[in-house]
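Have a look at query-v2.cif below; it lists mmCIF, C-alpha atoms.
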data_final
loop_
_atom_site.group_PDB
_atom_site.id
_atom_site.type_symbol
_atom_site.label_atom_id
_atom_site.label_comp_id
_atom_site.auth_asym_id
_atom_site.auth_seq_id
_atom_site.Cartn_x
_atom_site.Cartn_y
_atom_site.Cartn_z
ATOM 1 C CA MET A 1 66.813 132.111 45.004
ATOM 2 C CA THR A 2 68.792 135.353 44.903
ATOM 3 C CA LYS A 3 68.958 137.077 48.290
ATOM 4 C CA ALA A 4 69.413 140.841 48.759
ATOM 5 C CA LEU A 5 70.067 142.935 51.854
ATOM 6 C CA GLY A 6 68.756 146.506 51.762
ATOM 7 C CA LEU A 7 69.809 149.469 53.859
ATOM 8 C CA PHE A 8 66.481 150.775 55.093
ATOM 9 C CA SER A 9 65.718 154.165 56.638
ATOM 10 C CA GLY A 10 61.972 153.766 56.194
ATOM 11 C CA GLY A 11 61.742 156.826 53.944
ATOM 12 C CA LEU A 12 60.173 156.818 50.489
ATOM 13 C CA ASP A 13 63.405 156.140 48.586
ATOM 14 C CA SER A 14 64.356 153.090 50.638
ATOM 15 C CA ILE A 15 60.761 151.826 50.410
ATOM 16 C CA LEU A 16 60.823 152.127 46.618
ATOM 17 C CA ALA A 17 64.260 150.535 46.273
ATOM 18 C CA THR A 18 63.017 147.602 48.331
ATOM 19 C CA ALA A 19 59.831 147.273 46.281
ATOM 20 C CA ILE A 20 61.736 147.362 42.977
ATOM 21 C CA ILE A 21 64.122 144.611 44.057
ATOM 22 C CA ARG A 22 61.361 142.491 45.525
ATOM 23 C CA GLU A 23 59.300 142.952 42.335
ATOM 24 C CA GLN A 24 61.983 140.964 40.517
ATOM 25 C CA GLY A 25 61.285 137.899 42.637
ATOM 26 C CA ILE A 26 64.354 138.407 44.799
ATOM 27 C CA SER A 27 64.219 137.473 48.492
ATOM 28 C CA VAL A 28 64.723 140.723 50.425
ATOM 29 C CA VAL A 29 65.650 141.491 54.025
ATOM 30 C CA VAL A 30 66.287 145.072 55.132
ATOM 31 C CA VAL A 31 68.535 146.433 57.857
ATOM 32 C CA ASN A 32 68.364 149.662 59.833
ATOM 33 C CA PHE A 33 71.399 150.943 61.706
ATOM 34 C CA LYS A 34 70.683 152.892 64.872
ATOM 35 C CA THR A 35 72.755 155.305 66.968
ATOM 36 C CA PRO A 36 71.896 157.895 69.654
ATOM 37 C CA VAL A 37 71.232 160.472 66.913
ATOM 38 C CA PHE A 38 69.004 158.460 64.575
ATOM 39 C CA GLY A 39 66.697 155.630 65.478
ATOM 40 C CA PRO A 40 64.690 152.846 63.820
ATOM 41 C CA GLU A 41 61.144 154.093 64.488
ATOM 42 C CA LYS A 42 60.382 155.101 60.901
ATOM 43 C CA ALA A 43 61.994 151.939 59.545
ATOM 44 C CA ILE A 44 59.932 149.716 61.843
ATOM 45 C CA LYS A 45 56.669 151.289 60.710
ATOM 46 C CA SER A 46 57.549 151.166 57.000
ATOM 47 C CA ALA A 47 58.791 147.574 57.191
ATOM 48 C CA GLN A 48 55.487 146.564 58.764
ATOM 49 C CA LEU A 49 53.575 148.265 55.957
ATOM 50 C CA LEU A 50 55.677 146.405 53.376
ATOM 51 C CA ASN A 51 55.473 143.163 55.377
ATOM 52 C CA ILE A 52 59.211 142.716 55.015
ATOM 53 C CA PRO A 53 61.783 141.314 57.481
ATOM 54 C CA LEU A 54 63.757 144.042 59.269
ATOM 55 C CA LYS A 55 67.041 143.753 61.162
ATOM 56 C CA ILE A 56 67.959 146.525 63.605
ATOM 57 C CA VAL A 57 71.682 146.825 64.334
ATOM 58 C CA ASP A 58 73.189 149.198 66.907
ATOM 59 C CA ILE A 59 76.404 150.782 65.576
ATOM 60 C CA THR A 60 76.863 153.306 68.391
ATOM 61 C CA SER A 61 80.419 152.287 69.294
ATOM 62 C CA PRO A 62 82.054 152.652 65.848
ATOM 63 C CA PHE A 63 79.803 155.624 65.082
ATOM 64 C CA LEU A 64 81.081 157.577 68.104
ATOM 65 C CA GLU A 65 84.629 156.951 66.902
ATOM 66 C CA ILE A 66 84.022 158.531 63.501
ATOM 67 C CA LEU A 67 81.932 161.309 65.043
ATOM 68 C CA ARG A 68 84.956 162.730 66.825
ATOM 69 C CA ASN A 69 87.311 162.606 63.852
ATOM 70 C CA PRO A 70 85.639 161.785 60.505
ATOM 71 C CA GLU A 71 88.134 161.091 57.734
ATOM 72 C CA HIS A 72 86.000 162.950 55.177
ATOM 73 C CA GLY A 73 84.886 165.810 57.419
ATOM 74 C CA TYR A 74 81.493 167.122 58.426
ATOM 75 C CA GLY A 75 78.550 168.434 56.430
ATOM 76 C CA SER A 76 76.829 171.731 57.219
ATOM 77 C CA PHE A 77 76.910 171.004 60.969
ATOM 78 C CA MET A 78 78.339 168.013 62.890
ATOM 79 C CA ASN A 79 77.080 165.414 60.417
ATOM 80 C CA PRO A 80 79.870 163.146 59.080
ATOM 81 C CA CYS A 81 77.597 161.845 56.319
ATOM 82 C CA ILE A 82 80.235 160.302 54.057
ATOM 83 C CA ASP A 83 81.964 158.385 56.851
ATOM 84 C CA CYS A 84 78.593 157.375 58.291
ATOM 85 C CA HIS A 85 77.454 155.909 54.961
ATOM 86 C CA ILE A 86 80.752 154.062 54.606
ATOM 87 C CA LEU A 87 80.343 152.608 58.093
ATOM 88 C CA MET A 88 76.801 151.428 57.367
ATOM 89 C CA LEU A 89 77.859 149.741 54.145
ATOM 90 C CA GLN A 90 80.788 148.062 55.887
ATOM 91 C CA GLU A 91 78.445 146.717 58.551
ATOM 92 C CA ALA A 92 75.944 145.631 55.899
ATOM 93 C CA GLY A 93 78.746 143.902 54.016
ATOM 94 C CA LYS A 94 79.610 141.843 57.073
ATOM 95 C CA ILE A 95 75.984 140.736 57.326
ATOM 96 C CA MET A 96 75.909 139.967 53.592
ATOM 97 C CA GLU A 97 78.974 137.740 53.863
ATOM 98 C CA GLY A 98 77.952 136.139 57.129
ATOM 99 C CA GLU A 99 74.369 135.317 56.158
ATOM 100 C CA GLY A 100 74.726 134.455 52.492
ATOM 101 C CA PHE A 101 73.152 137.439 50.770
ATOM 102 C CA ASP A 102 74.122 137.976 47.133
ATOM 103 C CA PHE A 103 74.285 141.768 47.165
ATOM 104 C CA ILE A 104 73.480 144.973 49.070
ATOM 105 C CA PHE A 105 71.171 147.729 47.860
ATOM 106 C CA THR A 106 70.290 151.224 49.073
ATOM 107 C CA GLY A 107 67.682 153.872 48.296
ATOM 108 C CA GLU A 108 70.249 156.522 47.386
ATOM 109 C CA VAL A 109 69.392 158.832 44.486
ATOM 110 C CA LEU A 110 72.098 160.444 42.389
ATOM 111 C CA GLY A 111 72.193 164.222 42.981
ATOM 112 C CA GLN A 112 69.501 164.252 45.656
ATOM 113 C CA ARG A 113 71.991 165.567 48.209
ATOM 114 C CA PRO A 114 74.600 167.710 46.454
ATOM 115 C CA MET A 115 77.449 166.894 48.852
ATOM 116 C CA SER A 116 76.935 163.234 49.783
ATOM 117 C CA GLN A 117 75.088 161.877 46.740
ATOM 118 C CA ASN A 118 76.925 163.290 43.751
ATOM 119 C CA LYS A 119 78.514 160.773 41.398
ATOM 120 C CA GLY A 120 82.021 161.208 42.788
ATOM 121 C CA THR A 121 80.942 160.825 46.397
ATOM 122 C CA LEU A 122 78.754 157.786 45.683
ATOM 123 C CA LYS A 123 81.751 156.178 43.979
ATOM 124 C CA LEU A 124 84.004 157.076 46.916
ATOM 125 C CA ILE A 125 81.566 155.669 49.484
ATOM 126 C CA ALA A 126 81.161 152.440 47.528
ATOM 127 C CA ARG A 127 84.931 151.989 47.096
ATOM 128 C CA LYS A 128 85.779 152.807 50.735
ATOM 129 C CA SER A 129 83.152 150.391 51.999
ATOM 130 C CA GLY A 130 84.957 147.517 50.304
ATOM 131 C CA TYR A 131 81.732 146.218 48.752
ATOM 132 C CA HIS A 132 81.409 148.445 45.669
ATOM 133 C CA ALA A 133 81.064 145.513 43.260
ATOM 134 C CA HIS A 134 78.085 144.155 45.192
ATOM 135 C CA LEU A 135 76.426 147.512 45.953
ATOM 136 C CA LEU A 136 73.331 148.314 43.902
ATOM 137 C CA ARG A 137 71.419 151.622 43.941
ATOM 138 C CA PRO A 138 68.191 150.647 42.115
ATOM 139 C CA LEU A 139 66.692 154.131 41.803
ATOM 140 C CA SER A 140 69.707 155.512 39.906
ATOM 141 C CA ALA A 141 71.321 152.292 38.647
ATOM 142 C CA LYS A 142 71.101 153.157 34.943
ATOM 143 C CA LEU A 143 73.158 156.295 35.594
ATOM 144 C CA LEU A 144 75.861 154.345 37.435
ATOM 145 C CA PRO A 145 78.325 151.582 36.441
ATOM 146 C CA GLU A 146 77.016 148.025 36.286
ATOM 147 C CA THR A 147 77.489 145.965 39.405
ATOM 148 C CA ILE A 148 78.158 142.233 39.754
ATOM 149 C CA PRO A 149 74.513 141.282 40.442
ATOM 150 C CA GLU A 150 73.516 143.045 37.200
ATOM 151 C CA LYS A 151 76.327 141.474 35.188
ATOM 152 C CA MET A 152 75.495 138.015 36.514
ATOM 153 C CA GLY A 153 71.819 138.398 35.717
ATOM 154 C CA GLN A 154 70.732 138.223 39.368
ATOM 155 C CA VAL A 155 69.061 141.590 38.761
ATOM 156 C CA ASP A 156 67.418 142.793 35.556
ATOM 157 C CA ARG A 157 69.136 146.117 34.851
ATOM 158 C CA ASP A 158 66.411 147.101 32.378
ATOM 159 C CA SER A 159 63.906 147.108 35.247
ATOM 160 C CA LEU A 160 66.021 149.501 37.301
ATOM 161 C CA LEU A 161 65.711 153.282 37.127
ATOM 162 C CA ASP A 162 67.600 156.422 36.184
ATOM 163 C CA ILE A 163 66.276 158.925 38.730
ATOM 164 C CA SER A 164 68.462 161.888 39.614
ATOM 165 C CA GLY A 165 68.112 165.265 41.290
ATOM 166 C CA ARG A 166 66.146 166.590 44.234
ATOM 167 C CA SER A 167 62.631 166.430 42.789
ATOM 168 C CA ARG A 168 60.492 163.623 44.188
ATOM 169 C CA LYS A 169 57.904 163.602 41.396
ATOM 170 C CA ARG A 170 59.151 160.377 39.830
ATOM 171 C CA GLN A 171 59.348 158.642 43.189
ATOM 172 C CA MET A 172 55.793 159.661 44.038
ATOM 173 C CA ALA A 173 54.534 158.457 40.651
ATOM 174 C CA LEU A 174 56.372 155.161 41.146
ATOM 175 C CA ALA A 175 54.848 154.756 44.600
ATOM 176 C CA GLN A 176 51.405 155.197 43.091
ATOM 177 C CA ARG A 177 52.146 152.593 40.406
ATOM 178 C CA LEU A 178 53.350 150.119 43.015
ATOM 179 C CA GLY A 179 50.301 150.722 45.202
ATOM 180 C CA ILE A 180 52.337 152.308 47.986
ATOM 181 C CA SER A 181 50.103 154.939 49.510
ATOM 182 C CA GLU A 182 51.629 155.285 52.999
ATOM 183 C CA TYR A 183 55.123 156.638 53.454
ATOM 184 C CA PRO A 184 56.749 159.279 55.666
ATOM 185 C CA THR A 185 57.072 162.870 54.523
ATOM 186 C CA PRO A 186 60.685 163.944 53.889
ATOM 187 C CA SER A 187 62.296 165.096 57.119
ATOM 188 C CA GLY A 188 65.682 165.257 58.743
ATOM 189 C CA GLY A 189 65.886 162.056 60.732
ATOM 190 C CA CYS A 190 69.435 162.739 61.956
ATOM 191 C CA LEU A 191 69.924 165.078 64.911
ATOM 192 C CA LEU A 192 73.371 165.995 63.610
ATOM 193 C CA THR A 193 71.743 168.223 61.001
ATOM 194 C CA ASP A 194 70.069 170.269 63.760
ATOM 195 C CA PRO A 195 72.147 173.419 64.490
ATOM 196 C CA GLY A 196 71.313 173.499 68.217
ATOM 197 C CA PHE A 197 72.159 169.855 68.764
ATOM 198 C CA SER A 198 75.347 170.250 66.729
ATOM 199 C CA ARG A 199 76.515 173.147 68.924
ATOM 200 C CA ARG A 200 76.032 171.027 72.032
ATOM 201 C CA LEU A 201 77.792 168.071 70.466
ATOM 202 C CA LYS A 202 80.744 170.196 69.371
ATOM 203 C CA ASP A 203 81.057 171.514 72.918
ATOM 204 C CA LEU A 204 80.846 167.984 74.349
ATOM 205 C CA LEU A 205 83.578 166.626 72.076
ATOM 206 C CA GLN A 206 85.778 169.622 72.836
ATOM 207 C CA TYR A 207 85.724 169.130 76.596
ATOM 208 C CA LEU A 208 85.037 165.424 77.155
ATOM 209 C CA VAL A 209 87.492 162.749 76.017
ATOM 210 C CA ASN A 210 85.463 159.605 76.678
ATOM 211 C CA VAL A 211 81.951 160.162 75.328
ATOM 212 C CA ASP A 212 79.307 157.495 75.884
ATOM 213 C CA ASN A 213 75.733 156.920 74.799
ATOM 214 C CA GLN A 214 74.330 158.654 77.886
ATOM 215 C CA ASP A 215 76.345 161.803 77.187
ATOM 216 C CA ILE A 216 74.802 161.962 73.715
ATOM 217 C CA GLU A 217 71.297 161.299 75.057
ATOM 218 C CA LEU A 218 71.590 164.249 77.437
ATOM 219 C CA LEU A 219 72.236 166.569 74.492
ATOM 220 C CA LYS A 220 68.599 166.073 73.465
ATOM 221 C CA TRP A 221 67.165 167.640 76.616
ATOM 222 C CA GLY A 222 67.009 171.045 78.298
ATOM 223 C CA ARG A 223 69.179 174.139 78.168
ATOM 224 C CA HIS A 224 72.938 173.579 78.273
ATOM 225 C CA LEU A 225 75.256 176.065 79.973
ATOM 226 C CA ARG A 226 79.055 175.868 80.186
ATOM 227 C CA LEU A 227 80.526 177.218 83.477
ATOM 228 C CA ASP A 228 84.132 176.207 82.747
ATOM 229 C CA LYS A 229 86.045 173.540 80.839
ATOM 230 C CA ASP A 230 85.115 170.883 83.411
ATOM 231 C CA THR A 231 81.573 171.960 84.271
ATOM 232 C CA LYS A 232 78.355 171.946 82.308
ATOM 233 C CA LEU A 233 74.781 172.519 83.480
ATOM 234 C CA ILE A 234 71.681 170.976 81.931
ATOM 235 C CA ILE A 235 68.411 172.684 82.883
ATOM 236 C CA GLY A 236 65.012 171.126 82.231
ATOM 237 C CA ARG A 237 62.431 173.370 80.546
ATOM 238 C CA ASN A 238 59.310 171.382 81.418
ATOM 239 C CA LYS A 239 58.177 168.255 83.275
ATOM 240 C CA LYS A 240 59.048 165.955 80.373
ATOM 241 C CA GLU A 241 62.594 167.306 80.240
ATOM 242 C CA ASN A 242 62.943 167.244 84.024
ATOM 243 C CA ASP A 243 61.924 163.586 84.054
ATOM 244 C CA ALA A 244 64.332 162.768 81.211
ATOM 245 C CA ILE A 245 67.224 164.514 82.978
ATOM 246 C CA HIS A 246 66.519 162.646 86.217
ATOM 247 C CA GLY A 247 66.282 159.379 84.288
ATOM 248 C CA LEU A 248 69.656 159.919 82.620
ATOM 249 C CA SER A 249 71.502 161.064 85.760
ATOM 250 C CA LYS A 250 74.195 158.897 87.342
ATOM 251 C CA PRO A 251 74.995 158.696 91.080
ATOM 252 C CA GLN A 252 78.229 160.663 90.576
ATOM 253 C CA ASP A 253 76.349 163.535 88.917
ATOM 254 C CA GLN A 254 75.023 166.440 90.944
ATOM 255 C CA VAL A 255 71.275 167.016 90.654
ATOM 256 C CA LEU A 256 69.806 170.320 91.855
ATOM 257 C CA LYS A 257 66.202 171.183 92.649
ATOM 258 C CA THR A 258 64.465 174.056 94.387
ATOM 259 C CA LEU A 259 62.715 173.280 97.654
ATOM 260 C CA ASN A 260 60.398 176.217 98.433
ATOM 261 C CA VAL A 261 59.214 177.039 94.913
ATOM 262 C CA PRO A 262 58.536 175.023 91.719
ATOM 263 C CA GLY A 263 61.640 174.873 89.565
ATOM 264 C CA PRO A 264 63.612 172.898 86.990
ATOM 265 C CA ALA A 265 65.766 169.832 87.339
ATOM 266 C CA VAL A 266 69.404 170.865 86.945
ATOM 267 C CA LEU A 267 72.143 168.349 86.262
ATOM 268 C CA ILE A 268 75.895 168.787 86.575
ATOM 269 C CA PRO A 269 77.512 165.732 84.942
ATOM 270 C CA CYS A 270 80.172 164.269 87.288
ATOM 271 C CA GLY A 271 79.630 167.181 89.702
ATOM 272 C CA THR A 272 81.751 170.244 90.442
ATOM 273 C CA HIS A 273 83.379 172.180 93.304
ATOM 274 C CA LEU A 274 81.493 174.297 95.863
ATOM 275 C CA GLN A 275 81.964 177.656 94.117
ATOM 276 C CA ASN A 276 80.406 176.311 90.917
ATOM 277 C CA GLN A 277 77.679 174.607 92.937
ATOM 278 C CA LYS A 278 76.693 177.982 94.386
ATOM 279 C CA LEU A 279 76.533 179.507 90.899
ATOM 280 C CA ALA A 280 74.533 176.516 89.669
ATOM 281 C CA ALA A 281 72.126 176.912 92.598
ATOM 282 C CA THR A 282 71.583 180.571 91.665
ATOM 283 C CA ILE A 283 70.950 179.569 88.051
ATOM 284 C CA CYS A 284 68.521 176.870 89.217
ATOM 285 C CA ALA A 285 66.668 179.424 91.381
ATOM 286 C CA SER A 286 66.592 181.964 88.555
ATOM 287 C CA TYR A 287 64.971 179.496 86.162
ATOM 288 C CA SER A 288 62.375 178.571 88.791
ATOM 289 C CA ASP A 289 59.028 180.285 89.435
ATOM 290 C CA ALA A 290 60.635 182.558 92.055
ATOM 291 C CA LEU A 291 60.530 186.302 91.467
ATOM 292 C CA GLU A 292 63.836 188.125 91.140
ATOM 293 C CA GLY A 293 65.340 188.807 94.545
ATOM 294 C CA THR A 294 63.322 186.041 96.230
ATOM 295 C CA PRO A 295 65.294 183.773 98.605
ATOM 296 C CA VAL A 296 65.380 180.191 97.305
ATOM 297 C CA ARG A 297 66.656 177.009 98.919
ATOM 298 C CA VAL A 298 68.278 174.587 96.474
ATOM 299 C CA MET A 299 69.067 170.974 97.286
ATOM 300 C CA VAL A 300 72.177 169.461 95.692
ATOM 301 C CA THR A 301 72.327 165.648 95.613
ATOM 302 C CA GLN A 302 75.317 163.502 94.683
ATOM 303 C CA ASN A 303 75.914 159.826 95.490
ATOM 304 C CA HIS A 304 72.685 159.860 97.521
ATOM 305 C CA ILE A 305 74.000 162.625 99.811
ATOM 306 C CA SER A 306 72.161 165.981 99.823
ATOM 307 C CA THR A 307 73.166 169.470 100.911
ATOM 308 C CA ILE A 308 71.205 172.709 100.909
ATOM 309 C CA ILE A 309 72.406 175.969 99.326
ATOM 310 C CA SER A 310 70.546 179.221 100.069
ATOM 311 C CA THR A 311 70.531 181.733 97.223
ATOM 312 C CA LYS A 312 68.315 184.262 95.431
ATOM 313 C CA ALA A 313 66.711 184.322 92.009
ATOM 314 C CA VAL A 314 68.218 186.851 89.605
ATOM 315 C CA ASP A 315 67.549 187.936 86.020
ATOM 316 C CA LYS A 316 68.045 184.895 83.731
ATOM 317 C CA ARG A 317 69.642 187.172 81.152
ATOM 318 C CA SER A 318 72.669 187.298 83.466
ATOM 319 C CA PHE A 319 73.560 183.807 82.265
ATOM 320 C CA LYS A 320 73.044 184.335 78.526
ATOM 321 C CA ASN A 321 76.801 184.252 77.885
ATOM 322 C CA LEU A 322 76.981 180.751 79.410
ATOM 323 C CA LEU A 323 74.460 179.175 77.044
ATOM 324 C CA ILE A 324 75.893 176.651 74.631
#
How does the structure come out when it is put into structure tokens?
Amino acid sequence: MTKALGLFSGGLDSILATAIIREQGISVVVVNFKTPVFGPEKAIKSAQLLNIPLKIVDITSPFLEILRNPEHGYGSFMNPCIDCHILMLQEAGKIMEGEGFDFIFTGEVLGQRPMSQNKGTLKLIARKSGYHAHLLRPLSAKLLPETIPEKMGQVDRDSLLDISGRSRKRQMALAQRLGISEYPTPSGGCLLTDPGFSRRLKDLLQYLVNVDNQDIELLKWGRHLRLDKDTKLIIGRNKKENDAIHGLSKPQDQVLKTLNVPGPAVLIPCGTHLQNQKLAATICASYSDALEGTPVRVMVTQNHISTIISTKAVDKRSFKNLLI
């Protein structure tokens, strides 16, 4: 039996591509690639609805490498979409070769995304991946060159589609025909397309050479302030964020909290010198429940050793220029 491996986000297009291939009697397994900026939650739910085997593969390490210096640049924000798609196809190709799949397929639609899914870019991505001859895009296949699985008769090209453009009317009609009634609404699943997250990421890459998964995770929480090239503050905005910041802190980080009034968790990754600690303590006090001018005691903890800094709350607007 012919075996196909599908790249699977869990969105409508990848669901339909999977259904179309499976409808031809082909054995299908799908794979979702996860990083700190996009996860497998939607894919897990959709795979369960389709009752289809799902592989989840963490590509954080190579993804962080292309994030800093993508060969084909960024999209509107810090999203290296072209290089990211190439990476996913390369990883899928390794699985295809290692586990005996006959071809790879995706849910990409020609022209749906003007920059990353035009005909030239789709061709570029396929060629750069090294698996262009075995890469099938079922939803737009009739608008694209024939692939090896089509030429060999492993896939019936006449049963594939010629969808293009940004409208989802044909996909929705196809879902109805296939009896697929549950699927996620279109949404940006990648944090790199969020302008606020992208600003924080750009700042991180500018000032930190060795970025790890935890550094990226911290970008998702709180307010971020830059004191100098070596010092950043992360301030929790609510209990959930405070808990997340505490959970992501390392012993070498400095964690600040107010003692005589409710206030936020404040994190200084890798710590800083005393002068910056005093400024951070004032910022911590100013984002607490203390009224302006109120004396506040702030505890600074690093490597399980705590010190107390006495300061006063001031107008938070004083620190607006430090916000990332």
Return as lines of an AutoDock Vina configuration file the centre and edge lengths, in Å with one decimal, of the box along x, y and z that encloses every atom of stretch 83-96 of chain A in the file, padded by 3 Å per side.
center_x = 78.9
center_y = 149.2
center_z = 56.1
size_x = 12.1
size_y = 24.4
size_z = 11.0
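Minimum atom-to-atom distances from A:Pro145, A:Phe33, A:Phe101, A:Met96 to A:Lys119 were compared using all atoms listed in the file, and the lowest value belongs to A:Pro145.
Within the 10 Å cut-off around A:Thr60, using all atoms listed in the file and omitting residues fewer than 3 positions from it on the same chain, the listed residues are Phe33, Lys34, Thr35, Pro36, Val37, Val57, Phe63, Leu64, Glu65, Asp212 and Asn213 of chain A.
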The PyMOL selection byres ((chain A and resi 249) around 12) applied to the shown file, residues as a PyMOL selection string:
chain A and resi 214-215+217-218+234+242-248+250-256+265-271+301-304
Go ahead and save the residues from that selection, with C-alpha atoms, as a compact mmCIF listing (two decimals), in the frame of the given file.
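Okay, this is what ended up in selection-v9.txt:
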# COMPACT_ATOMS: atom_id res chain seq x y z
CA GLN A 214 74.33 158.65 77.89
CA ASP A 215 76.34 161.80 77.19
CA GLU A 217 71.30 161.30 75.06
CA LEU A 218 71.59 164.25 77.44
CA ILE A 234 71.68 170.98 81.93
CA ASN A 242 62.94 167.24 84.02
CA ASP A 243 61.92 163.59 84.05
CA ALA A 244 64.33 162.77 81.21
CA ILE A 245 67.22 164.51 82.98
CA HIS A 246 66.52 162.65 86.22
CA GLY A 247 66.28 159.38 84.29
CA LEU A 248 69.66 159.92 82.62
CA LYS A 250 74.19 158.90 87.34
CA PRO A 251 75.00 158.70 91.08
CA GLN A 252 78.23 160.66 90.58
CA ASP A 253 76.35 163.54 88.92
CA GLN A 254 75.02 166.44 90.94
CA VAL A 255 71.28 167.02 90.65
CA LEU A 256 69.81 170.32 91.86
CA ALA A 265 65.77 169.83 87.34
CA VAL A 266 69.40 170.86 86.94
CA LEU A 267 72.14 168.35 86.26
CA ILE A 268 75.90 168.79 86.58
CA PRO A 269 77.51 165.73 84.94
CA CYS A 270 80.17 164.27 87.29
CA GLY A 271 79.63 167.18 89.70
CA THR A 301 72.33 165.65 95.61
CA GLN A 302 75.32 163.50 94.68
CA ASN A 303 75.91 159.83 95.49
CA HIS A 304 72.68 159.86 97.52
Residue with the minimum atom-to-atom distance to A:Leu139, picked from A:Ile82, A:Arg223, A:Glu182, A:Ala19 with all atoms listed in the file counted, is A:Ala19
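When all atoms listed in the file are used to compute distances to A:Gly75, the closest of the residues A:Arg113, A:Lys257, A:Arg226, A:Lys220 turns out to be A:Arg113.
Between A:Leu135 and the candidates A:Ala4, A:Ser116, A:Met78, A:Asn210, the tightest atom-to-atom separation, counting all atoms listed in the file, involves A:Ala4.
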If we count only C-alpha atoms, what is near stretch 127-133 of chain A at a cut-off of 6 Å, once residues fewer than 4 positions away on the same chain are taken out, given as number ranges by chain?
A: 86, 89-90, 147-148
Coordinates-based distance that separates atom CA of A:Ile56 from atom CA of A:Asn32 (Å, one decimal):
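We find that atom CA of A:Asn32 and atom CA of A:Ile56 lie 4.9 Å from each other.
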Which residue out of A:Thr294, A:Met299, A:Ile125, A:Pro138 has the minimum interatomic distance to A:Asp156 when only C-alpha atoms are used?
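Going through A:Thr294, A:Met299, A:Ile125, A:Pro138 one by one, the smallest distance to A:Asp156 is for A:Pro138.
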Do you know which residues the PyMOL selection byres ((chain A and resi 194) around 12) returns on this file, as a ChimeraX atom specification?
/A:37-38,75-79,187-193,195-201,219-220
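Of note, atom CA of A:Ser310 and atom CA of A:Lys239 are spaced 23.6 Å apart.
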Find the distance between atom CA of A:Phe103 and atom CA of A:Leu136 and write it in Å to one decimal.
7.4 Å
With all atoms listed in the file as the basis for distance, which of A:Ile180, A:Ala285, A:Leu124, A:Ile66 is at the shortest distance from A:Leu205?
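Of the candidates, the smallest distance to A:Leu205 is held by A:Ile66.
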Skip A:Leu174 itself and residues of its chain fewer than 5 positions away, then list as a list in words all residues within 12 Å of it, counting all atoms listed in the file.
Leu12, Asp13, Ile15, Leu16, Ala17, Ala19, Ile20, Leu139, Leu160, Leu161, Ile163, Arg168, Lys169, Gly179, Ile180 and Ser181 of chain A
